[in-house]
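File shown here: query16.csv, holding CSV, N, CA and C atoms.
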```
chain,number,residue,atom,x,y,z
A,1,LEU,N,-26.9,-38.1,-29.2
A,1,LEU,CA,-27.6,-37.0,-28.7
A,1,LEU,C,-28.8,-37.4,-27.8
A,2,CYS,N,-29.1,-36.5,-26.9
A,2,CYS,CA,-30.2,-36.9,-26.0
A,2,CYS,C,-31.1,-35.7,-25.7
A,3,THR,N,-32.2,-35.9,-25.1
A,3,THR,CA,-33.1,-34.8,-24.7
A,3,THR,C,-33.0,-34.7,-23.2
A,4,LEU,N,-33.1,-33.5,-22.7
A,4,LEU,CA,-33.0,-33.2,-21.3
A,4,LEU,C,-34.4,-33.0,-20.7
A,5,GLY,N,-35.4,-33.0,-21.5
A,5,GLY,CA,-36.7,-32.8,-21.1
A,5,GLY,C,-37.3,-31.5,-21.5
A,6,ARG,N,-38.4,-31.1,-20.9
A,6,ARG,CA,-39.1,-29.9,-21.2
A,6,ARG,C,-38.4,-28.7,-20.5
A,7,LEU,N,-38.3,-27.6,-21.3
A,7,LEU,CA,-37.6,-26.4,-20.8
A,7,LEU,C,-38.2,-25.9,-19.5
A,8,ASP,N,-39.6,-25.9,-19.5
A,8,ASP,CA,-40.2,-25.3,-18.3
A,8,ASP,C,-39.8,-26.1,-17.0
A,9,GLU,N,-39.7,-27.4,-17.2
A,9,GLU,CA,-39.3,-28.3,-16.0
A,9,GLU,C,-37.9,-28.1,-15.7
A,10,LEU,N,-37.0,-27.9,-16.7
A,10,LEU,CA,-35.6,-27.6,-16.4
A,10,LEU,C,-35.4,-26.3,-15.6
A,11,LYS,N,-36.2,-25.3,-15.9
A,11,LYS,CA,-36.1,-24.1,-15.3
A,11,LYS,C,-36.6,-24.1,-13.8
A,12,GLU,N,-37.4,-25.1,-13.5
A,12,GLU,CA,-38.0,-25.3,-12.2
A,12,GLU,C,-37.1,-26.0,-11.2
A,13,GLY,N,-35.8,-26.3,-11.6
A,13,GLY,CA,-34.9,-27.0,-10.7
A,13,GLY,C,-34.5,-28.4,-11.2
A,14,GLN,N,-35.2,-28.9,-12.2
A,14,GLN,CA,-34.8,-30.3,-12.6
A,14,GLN,C,-33.4,-30.3,-13.2
A,15,LEU,N,-33.0,-29.2,-13.8
A,15,LEU,CA,-31.6,-29.1,-14.4
A,15,LEU,C,-30.6,-29.2,-13.3
A,16,ASP,N,-30.8,-28.5,-12.2
A,16,ASP,CA,-29.9,-28.5,-11.0
A,16,ASP,C,-29.8,-30.0,-10.5
A,17,ARG,N,-30.9,-30.7,-10.4
A,17,ARG,CA,-30.8,-32.0,-9.9
A,17,ARG,C,-30.1,-32.9,-10.9
A,18,LEU,N,-30.3,-32.7,-12.2
A,18,LEU,CA,-29.6,-33.5,-13.2
A,18,LEU,C,-28.1,-33.3,-13.1
A,19,ILE,N,-27.7,-32.0,-12.9
A,19,ILE,CA,-26.2,-31.7,-12.8
A,19,ILE,C,-25.6,-32.3,-11.5
A,20,GLU,N,-26.4,-32.3,-10.4
A,20,GLU,CA,-25.9,-32.9,-9.2
A,20,GLU,C,-25.7,-34.4,-9.4
A,21,SER,N,-26.7,-35.0,-10.1
A,21,SER,CA,-26.6,-36.5,-10.3
A,21,SER,C,-25.4,-36.8,-11.2
A,22,LEU,N,-25.1,-36.0,-12.2
A,22,LEU,CA,-24.0,-36.3,-13.2
A,22,LEU,C,-22.7,-36.0,-12.5
A,23,ALA,N,-22.6,-35.1,-11.6
A,23,ALA,CA,-21.4,-34.7,-10.9
A,23,ALA,C,-20.7,-35.8,-10.2
A,24,LYS,N,-21.5,-36.8,-9.7
A,24,LYS,CA,-20.9,-37.9,-9.0
A,24,LYS,C,-20.0,-38.8,-9.9
A,25,PHE,N,-20.1,-38.6,-11.2
A,25,PHE,CA,-19.3,-39.4,-12.1
A,25,PHE,C,-18.0,-38.6,-12.6
A,26,SER,N,-17.9,-37.4,-12.1
A,26,SER,CA,-16.7,-36.5,-12.4
A,26,SER,C,-15.7,-36.5,-11.3
A,27,GLU,N,-14.5,-36.9,-11.6
A,27,GLU,CA,-13.4,-36.8,-10.6
A,27,GLU,C,-13.2,-35.3,-10.2
A,28,LYS,N,-13.2,-34.4,-11.2
A,28,LYS,CA,-12.9,-33.0,-10.9
A,28,LYS,C,-14.0,-32.5,-10.0
A,29,GLN,N,-15.2,-32.8,-10.2
A,29,GLN,CA,-16.3,-32.3,-9.3
A,29,GLN,C,-16.2,-32.9,-7.9
A,30,ALA,N,-15.7,-34.1,-7.8
A,30,ALA,CA,-15.6,-34.7,-6.5
A,30,ALA,C,-14.5,-34.0,-5.7
A,31,VAL,N,-13.4,-33.6,-6.4
A,31,VAL,CA,-12.3,-32.9,-5.7
A,31,VAL,C,-12.8,-31.5,-5.3
A,32,LEU,N,-13.5,-30.9,-6.2
A,32,LEU,CA,-14.0,-29.5,-5.9
A,32,LEU,C,-15.0,-29.6,-4.7
A,33,GLN,N,-15.8,-30.6,-4.7
A,33,GLN,CA,-16.8,-30.7,-3.6
A,33,GLN,C,-16.1,-30.9,-2.3
A,34,GLU,N,-15.1,-31.8,-2.3
A,34,GLU,CA,-14.3,-32.0,-1.0
A,34,GLU,C,-13.5,-30.7,-0.6
A,35,ALA,N,-13.1,-30.0,-1.6
A,35,ALA,CA,-12.3,-28.8,-1.3
A,35,ALA,C,-13.1,-27.7,-0.7
A,36,GLN,N,-14.4,-27.7,-1.0
A,36,GLN,CA,-15.3,-26.7,-0.4
A,36,GLN,C,-15.3,-26.8,1.1
A,37,ASP,N,-15.1,-28.0,1.7
A,37,ASP,CA,-15.1,-28.2,3.1
A,37,ASP,C,-13.8,-27.6,3.8
A,38,LEU,N,-12.8,-27.4,3.0
A,38,LEU,CA,-11.5,-26.9,3.5
A,38,LEU,C,-11.5,-25.4,3.5
A,39,PHE,N,-11.1,-24.8,4.6
A,39,PHE,CA,-11.0,-23.4,4.7
A,39,PHE,C,-9.8,-23.0,5.6
A,40,ALA,N,-9.3,-21.8,5.5
A,40,ALA,CA,-8.3,-21.3,6.3
A,40,ALA,C,-8.8,-20.4,7.3
A,41,GLU,N,-8.3,-20.4,8.5
A,41,GLU,CA,-8.7,-19.4,9.5
A,41,GLU,C,-8.3,-18.0,9.2
A,42,TRP,N,-7.1,-17.9,8.6
A,42,TRP,CA,-6.6,-16.6,8.1
A,42,TRP,C,-5.6,-16.9,7.1
A,43,SER,N,-5.3,-15.9,6.3
A,43,SER,CA,-4.2,-16.0,5.3
A,43,SER,C,-3.7,-14.6,5.0
A,44,LYS,N,-2.5,-14.5,4.4
A,44,LYS,CA,-1.9,-13.3,4.0
A,44,LYS,C,-1.8,-13.3,2.5
A,45,ASP,N,-2.0,-12.1,1.9
A,45,ASP,CA,-1.9,-12.0,0.4
A,45,ASP,C,-0.6,-11.2,0.1
A,46,TYR,N,0.4,-11.9,-0.4
A,46,TYR,CA,1.6,-11.2,-0.7
A,46,TYR,C,1.7,-10.8,-2.2
A,47,GLY,N,0.9,-11.3,-3.1
A,47,GLY,CA,1.0,-11.1,-4.5
A,47,GLY,C,1.1,-9.7,-4.9
A,48,PRO,N,0.1,-8.8,-4.6
A,48,PRO,CA,0.1,-7.4,-5.0
A,48,PRO,C,1.4,-6.7,-4.4
A,49,ALA,N,1.7,-6.9,-3.2
A,49,ALA,CA,2.9,-6.3,-2.6
A,49,ALA,C,4.2,-6.6,-3.4
A,50,GLN,N,4.3,-7.9,-3.8
A,50,GLN,CA,5.5,-8.2,-4.6
A,50,GLN,C,5.5,-7.6,-5.9
A,51,VAL,N,4.4,-7.5,-6.6
A,51,VAL,CA,4.3,-6.8,-7.9
A,51,VAL,C,4.6,-5.4,-7.7
A,52,PHE,N,4.0,-4.7,-6.8
A,52,PHE,CA,4.3,-3.3,-6.6
A,52,PHE,C,5.8,-3.0,-6.2
A,53,ARG,N,6.4,-4.0,-5.4
A,53,ARG,CA,7.8,-3.8,-5.0
A,53,ARG,C,8.6,-3.9,-6.3
A,54,ARG,N,8.3,-4.8,-7.2
A,54,ARG,CA,9.1,-5.0,-8.4
A,54,ARG,C,9.0,-3.7,-9.2
A,55,VAL,N,7.8,-3.2,-9.4
A,55,VAL,CA,7.7,-1.9,-10.2
A,55,VAL,C,8.4,-0.8,-9.5
A,56,TRP,N,8.3,-0.7,-8.2
A,56,TRP,CA,9.0,0.3,-7.4
A,56,TRP,C,10.5,0.3,-7.7
A,57,GLU,N,11.1,-1.0,-7.6
A,57,GLU,CA,12.5,-1.1,-7.9
A,57,GLU,C,12.9,-0.8,-9.3
A,58,LYS,N,12.1,-1.3,-10.2
A,58,LYS,CA,12.4,-1.1,-11.7
A,58,LYS,C,12.4,0.4,-12.0
A,59,VAL,N,11.4,1.1,-11.5
A,59,VAL,CA,11.3,2.6,-11.8
A,59,VAL,C,12.4,3.3,-11.1
A,60,GLY,N,12.9,2.8,-10.0
A,60,GLY,CA,14.0,3.5,-9.3
A,60,GLY,C,13.6,4.5,-8.2
A,61,LEU,N,12.4,4.4,-7.8
A,61,LEU,CA,11.9,5.4,-6.8
A,61,LEU,C,12.6,5.4,-5.5
A,62,ALA,N,13.1,4.2,-5.1
A,62,ALA,CA,13.8,4.1,-3.8
A,62,ALA,C,15.1,5.0,-3.9
A,63,ARG,N,15.8,4.8,-5.0
A,63,ARG,CA,17.1,5.6,-5.1
A,63,ARG,C,16.8,7.1,-5.2
A,64,ILE,N,15.7,7.5,-5.8
A,64,ILE,CA,15.4,8.9,-5.9
A,64,ILE,C,15.0,9.5,-4.6
A,65,LEU,N,14.2,8.7,-3.8
A,65,LEU,CA,13.8,9.2,-2.5
A,65,LEU,C,15.0,9.2,-1.5
A,66,GLU,N,15.9,8.2,-1.6
A,66,GLU,CA,17.1,8.1,-0.8
A,66,GLU,C,18.0,9.3,-1.0
A,67,LYS,N,18.1,9.7,-2.3
A,67,LYS,CA,18.9,10.9,-2.6
A,67,LYS,C,18.3,12.2,-2.0
A,68,PHE,N,17.0,12.3,-2.0
A,68,PHE,CA,16.4,13.5,-1.4
A,68,PHE,C,16.4,13.5,0.1
A,69,CYS,N,16.4,12.3,0.7
A,69,CYS,CA,16.3,12.2,2.1
A,69,CYS,C,17.6,12.1,2.8
A,70,SER,N,18.7,11.9,2.0
A,70,SER,CA,20.0,11.7,2.6
A,70,SER,C,20.5,12.8,3.5
A,71,GLU,N,20.0,14.0,3.2
A,71,GLU,CA,20.5,15.2,3.9
A,71,GLU,C,19.6,15.5,5.1
A,72,SER,N,18.5,14.8,5.2
A,72,SER,CA,17.6,15.1,6.3
A,72,SER,C,17.9,14.4,7.6
A,73,ARG,N,17.3,14.8,8.7
A,73,ARG,CA,17.6,14.1,10.0
A,73,ARG,C,16.4,13.2,10.4
A,74,VAL,N,15.7,12.7,9.4
A,74,VAL,CA,14.5,11.9,9.7
A,74,VAL,C,15.0,10.6,10.4
A,75,GLU,N,14.3,10.1,11.4
A,75,GLU,CA,14.7,9.0,12.2
A,75,GLU,C,14.0,7.7,11.8
A,76,PHE,N,13.3,7.7,10.7
A,76,PHE,CA,12.6,6.5,10.2
A,76,PHE,C,12.9,6.3,8.7
A,77,ASN,N,12.6,5.2,8.2
A,77,ASN,CA,12.9,4.8,6.8
A,77,ASN,C,11.8,5.5,5.9
A,78,VAL,N,12.1,6.6,5.4
A,78,VAL,CA,11.2,7.4,4.5
A,78,VAL,C,10.8,6.6,3.3
A,79,VAL,N,11.8,5.9,2.7
A,79,VAL,CA,11.5,5.1,1.5
A,79,VAL,C,10.4,4.1,1.7
A,80,GLU,N,10.6,3.3,2.8
A,80,GLU,CA,9.6,2.3,3.1
A,80,GLU,C,8.2,2.9,3.5
A,81,ALA,N,8.3,4.0,4.2
A,81,ALA,CA,7.0,4.7,4.5
A,81,ALA,C,6.3,5.2,3.3
A,82,VAL,N,7.0,5.7,2.3
A,82,VAL,CA,6.4,6.2,1.1
A,82,VAL,C,5.9,5.0,0.3
A,83,PHE,N,6.7,3.9,0.3
A,83,PHE,CA,6.2,2.7,-0.4
A,83,PHE,C,4.9,2.2,0.2
A,84,ALA,N,4.8,2.1,1.5
A,84,ALA,CA,3.6,1.7,2.1
A,84,ALA,C,2.4,2.5,1.8
A,85,MET,N,2.6,3.8,1.7
A,85,MET,CA,1.5,4.7,1.3
A,85,MET,C,1.1,4.6,-0.1
A,86,VAL,N,2.1,4.3,-1.0
A,86,VAL,CA,1.8,4.2,-2.4
A,86,VAL,C,1.0,2.9,-2.6
```
Hey, can you dump this file as structure tokens for me?
Amino acid sequence: LCTLGRLDELKEGQLDRLIESLAKFSEKQAVLQEAQDLFAEWSKDYGPAQVFRRVWEKVGLARILEKFCSESRVEFNVVEAVFAMV
């Protein structure tokens, strides 16, 4: 066991300096520190769309909408338009 010092000094920033000093001995912290410098100019997030697509297919909404739209003369994909709105 060890003491970290007085609480009032720890609250004034000494704890942050101690953590920074100890972090240099941690491989995980070194990787996290290096990773902070990496960034992407842009990215796309496909996760939610894939989850919603799976639910959409499992519930069978596409088949229901196709059945109702089969007799119409709509010139665009109603099922995909509704999915995008949902």
Using DSSP on the backbone coordinates, identify all residues within chain A classified as helix (DSSP H, G or I); present the result as a compact mmCIF listing (two decimals) with N, CA and C atoms, in the frame of the given file.
```
# COMPACT_ATOMS: atom_id res chain seq x y z
N LEU A 7 -38.30 -27.60 -21.30
CA LEU A 7 -37.60 -26.40 -20.80
C LEU A 7 -38.20 -25.90 -19.50
N ASP A 8 -39.60 -25.90 -19.50
CA ASP A 8 -40.20 -25.30 -18.30
C ASP A 8 -39.80 -26.10 -17.00
N GLU A 9 -39.70 -27.40 -17.20
CA GLU A 9 -39.30 -28.30 -16.00
C GLU A 9 -37.90 -28.10 -15.70
N LEU A 10 -37.00 -27.90 -16.70
CA LEU A 10 -35.60 -27.60 -16.40
C LEU A 10 -35.40 -26.30 -15.60
N LYS A 11 -36.20 -25.30 -15.90
CA LYS A 11 -36.10 -24.10 -15.30
C LYS A 11 -36.60 -24.10 -13.80
N GLU A 12 -37.40 -25.10 -13.50
CA GLU A 12 -38.00 -25.30 -12.20
C GLU A 12 -37.10 -26.00 -11.20
N GLY A 13 -35.80 -26.30 -11.60
CA GLY A 13 -34.90 -27.00 -10.70
C GLY A 13 -34.50 -28.40 -11.20
N GLN A 14 -35.20 -28.90 -12.20
CA GLN A 14 -34.80 -30.30 -12.60
C GLN A 14 -33.40 -30.30 -13.20
N LEU A 15 -33.00 -29.20 -13.80
CA LEU A 15 -31.60 -29.10 -14.40
C LEU A 15 -30.60 -29.20 -13.30
N ASP A 16 -30.80 -28.50 -12.20
CA ASP A 16 -29.90 -28.50 -11.00
C ASP A 16 -29.80 -30.00 -10.50
N ARG A 17 -30.90 -30.70 -10.40
CA ARG A 17 -30.80 -32.00 -9.90
C ARG A 17 -30.10 -32.90 -10.90
N LEU A 18 -30.30 -32.70 -12.20
CA LEU A 18 -29.60 -33.50 -13.20
C LEU A 18 -28.10 -33.30 -13.10
N ILE A 19 -27.70 -32.00 -12.90
CA ILE A 19 -26.20 -31.70 -12.80
C ILE A 19 -25.60 -32.30 -11.50
N GLU A 20 -26.40 -32.30 -10.40
CA GLU A 20 -25.90 -32.90 -9.20
C GLU A 20 -25.70 -34.40 -9.40
N SER A 21 -26.70 -35.00 -10.10
CA SER A 21 -26.60 -36.50 -10.30
C SER A 21 -25.40 -36.80 -11.20
N LEU A 22 -25.10 -36.00 -12.20
CA LEU A 22 -24.00 -36.30 -13.20
C LEU A 22 -22.70 -36.00 -12.50
N ALA A 23 -22.60 -35.10 -11.60
CA ALA A 23 -21.40 -34.70 -10.90
C ALA A 23 -20.70 -35.80 -10.20
N GLU A 27 -14.50 -36.90 -11.60
CA GLU A 27 -13.40 -36.80 -10.60
C GLU A 27 -13.20 -35.30 -10.20
N LYS A 28 -13.20 -34.40 -11.20
CA LYS A 28 -12.90 -33.00 -10.90
C LYS A 28 -14.00 -32.50 -10.00
N GLN A 29 -15.20 -32.80 -10.20
CA GLN A 29 -16.30 -32.30 -9.30
C GLN A 29 -16.20 -32.90 -7.90
N ALA A 30 -15.70 -34.10 -7.80
CA ALA A 30 -15.60 -34.70 -6.50
C ALA A 30 -14.50 -34.00 -5.70
N VAL A 31 -13.40 -33.60 -6.40
CA VAL A 31 -12.30 -32.90 -5.70
C VAL A 31 -12.80 -31.50 -5.30
N LEU A 32 -13.50 -30.90 -6.20
CA LEU A 32 -14.00 -29.50 -5.90
C LEU A 32 -15.00 -29.60 -4.70
N GLN A 33 -15.80 -30.60 -4.70
CA GLN A 33 -16.80 -30.70 -3.60
C GLN A 33 -16.10 -30.90 -2.30
N GLU A 34 -15.10 -31.80 -2.30
CA GLU A 34 -14.30 -32.00 -1.00
C GLU A 34 -13.50 -30.70 -0.60
N ALA A 35 -13.10 -30.00 -1.60
CA ALA A 35 -12.30 -28.80 -1.30
C ALA A 35 -13.10 -27.70 -0.70
N GLY A 47 0.90 -11.30 -3.10
CA GLY A 47 1.00 -11.10 -4.50
C GLY A 47 1.10 -9.70 -4.90
N PRO A 48 0.10 -8.80 -4.60
CA PRO A 48 0.10 -7.40 -5.00
C PRO A 48 1.40 -6.70 -4.40
N ALA A 49 1.70 -6.90 -3.20
CA ALA A 49 2.90 -6.30 -2.60
C ALA A 49 4.20 -6.60 -3.40
N GLN A 50 4.30 -7.90 -3.80
CA GLN A 50 5.50 -8.20 -4.60
C GLN A 50 5.50 -7.60 -5.90
N VAL A 51 4.40 -7.50 -6.60
CA VAL A 51 4.30 -6.80 -7.90
C VAL A 51 4.60 -5.40 -7.70
N PHE A 52 4.00 -4.70 -6.80
CA PHE A 52 4.30 -3.30 -6.60
C PHE A 52 5.80 -3.00 -6.20
N ARG A 53 6.40 -4.00 -5.40
CA ARG A 53 7.80 -3.80 -5.00
C ARG A 53 8.60 -3.90 -6.30
N ARG A 54 8.30 -4.80 -7.20
CA ARG A 54 9.10 -5.00 -8.40
C ARG A 54 9.00 -3.70 -9.20
N VAL A 55 7.80 -3.20 -9.40
CA VAL A 55 7.70 -1.90 -10.20
C VAL A 55 8.40 -0.80 -9.50
N TRP A 56 8.30 -0.70 -8.20
CA TRP A 56 9.00 0.30 -7.40
C TRP A 56 10.50 0.30 -7.70
N GLU A 57 11.10 -1.00 -7.60
CA GLU A 57 12.50 -1.10 -7.90
C GLU A 57 12.90 -0.80 -9.30
N LYS A 58 12.10 -1.30 -10.20
CA LYS A 58 12.40 -1.10 -11.70
C LYS A 58 12.40 0.40 -12.00
N VAL A 59 11.40 1.10 -11.50
CA VAL A 59 11.30 2.60 -11.80
C VAL A 59 12.40 3.30 -11.10
N LEU A 61 12.40 4.40 -7.80
CA LEU A 61 11.90 5.40 -6.80
C LEU A 61 12.60 5.40 -5.50
N ALA A 62 13.10 4.20 -5.10
CA ALA A 62 13.80 4.10 -3.80
C ALA A 62 15.10 5.00 -3.90
N ARG A 63 15.80 4.80 -5.00
CA ARG A 63 17.10 5.60 -5.10
C ARG A 63 16.80 7.10 -5.20
N ILE A 64 15.70 7.50 -5.80
CA ILE A 64 15.40 8.90 -5.90
C ILE A 64 15.00 9.50 -4.60
N LEU A 65 14.20 8.70 -3.80
CA LEU A 65 13.80 9.20 -2.50
C LEU A 65 15.00 9.20 -1.50
N GLU A 66 15.90 8.20 -1.60
CA GLU A 66 17.10 8.10 -0.80
C GLU A 66 18.00 9.30 -1.00
N LYS A 67 18.10 9.70 -2.30
CA LYS A 67 18.90 10.90 -2.60
C LYS A 67 18.30 12.20 -2.00
N PHE A 68 17.00 12.30 -2.00
CA PHE A 68 16.40 13.50 -1.40
C PHE A 68 16.40 13.50 0.10
N CYS A 69 16.40 12.30 0.70
CA CYS A 69 16.30 12.20 2.10
C CYS A 69 17.60 12.10 2.80
N VAL A 78 12.10 6.60 5.40
CA VAL A 78 11.20 7.40 4.50
C VAL A 78 10.80 6.60 3.30
N VAL A 79 11.80 5.90 2.70
CA VAL A 79 11.50 5.10 1.50
C VAL A 79 10.40 4.10 1.70
N GLU A 80 10.60 3.30 2.80
CA GLU A 80 9.60 2.30 3.10
C GLU A 80 8.20 2.90 3.50
N ALA A 81 8.30 4.00 4.20
CA ALA A 81 7.00 4.70 4.50
C ALA A 81 6.30 5.20 3.30
N VAL A 82 7.00 5.70 2.30
CA VAL A 82 6.40 6.20 1.10
C VAL A 82 5.90 5.00 0.30
N PHE A 83 6.70 3.90 0.30
CA PHE A 83 6.20 2.70 -0.40
C PHE A 83 4.90 2.20 0.20
N ALA A 84 4.80 2.10 1.50
CA ALA A 84 3.60 1.70 2.10
C ALA A 84 2.40 2.50 1.80
N MET A 85 2.60 3.80 1.70
CA MET A 85 1.50 4.70 1.30
C MET A 85 1.10 4.60 -0.10
```
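The two atoms in question, atom CA of Leu4 of chain A and atom CA of Leu22 of chain A, are spaced 12.5 Å apart.
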With only C-alpha atoms as the atoms that count, which of A:Phe52, A:Lys44, A:Cys69, A:Ile64 lies nearest to Phe83 of chain A? A:Phe52
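Interatomic distance, atom N of Asp45 of chain A against atom CA of Val86 of chain A: 17.3 Å.
Here atom CA of Val74 of chain A and atom CA of Val51 of chain A stand 27.6 Å from one another.
Within 7 Å of segment 77-81 of chain A, once only N, CA and C atoms are used and residues closer than 4 positions along the same chain are dropped, the contacting residues are Ala62, Leu65, Glu66, Met85 and Val86 of chain A.
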Could you list, as an MDAnalysis selection string, every residue within 12 Å of segment 30-33 of chain A, counting only C-alpha atoms and ignoring same-chain residues fewer than 6 positions away? chainID A and resid 20:24
Could you work out an axis-aligned bounding box for all listed atoms of segment 48-62 of chain A, with 3 Å added on each of the six sides, and give its centre and edge lengths in Å to one decimal, as JSON?
```
{"center_x": 7.6, "center_y": -1.7, "center_z": -7.3, "size_x": 21.0, "size_y": 20.2, "size_z": 15.4}
```
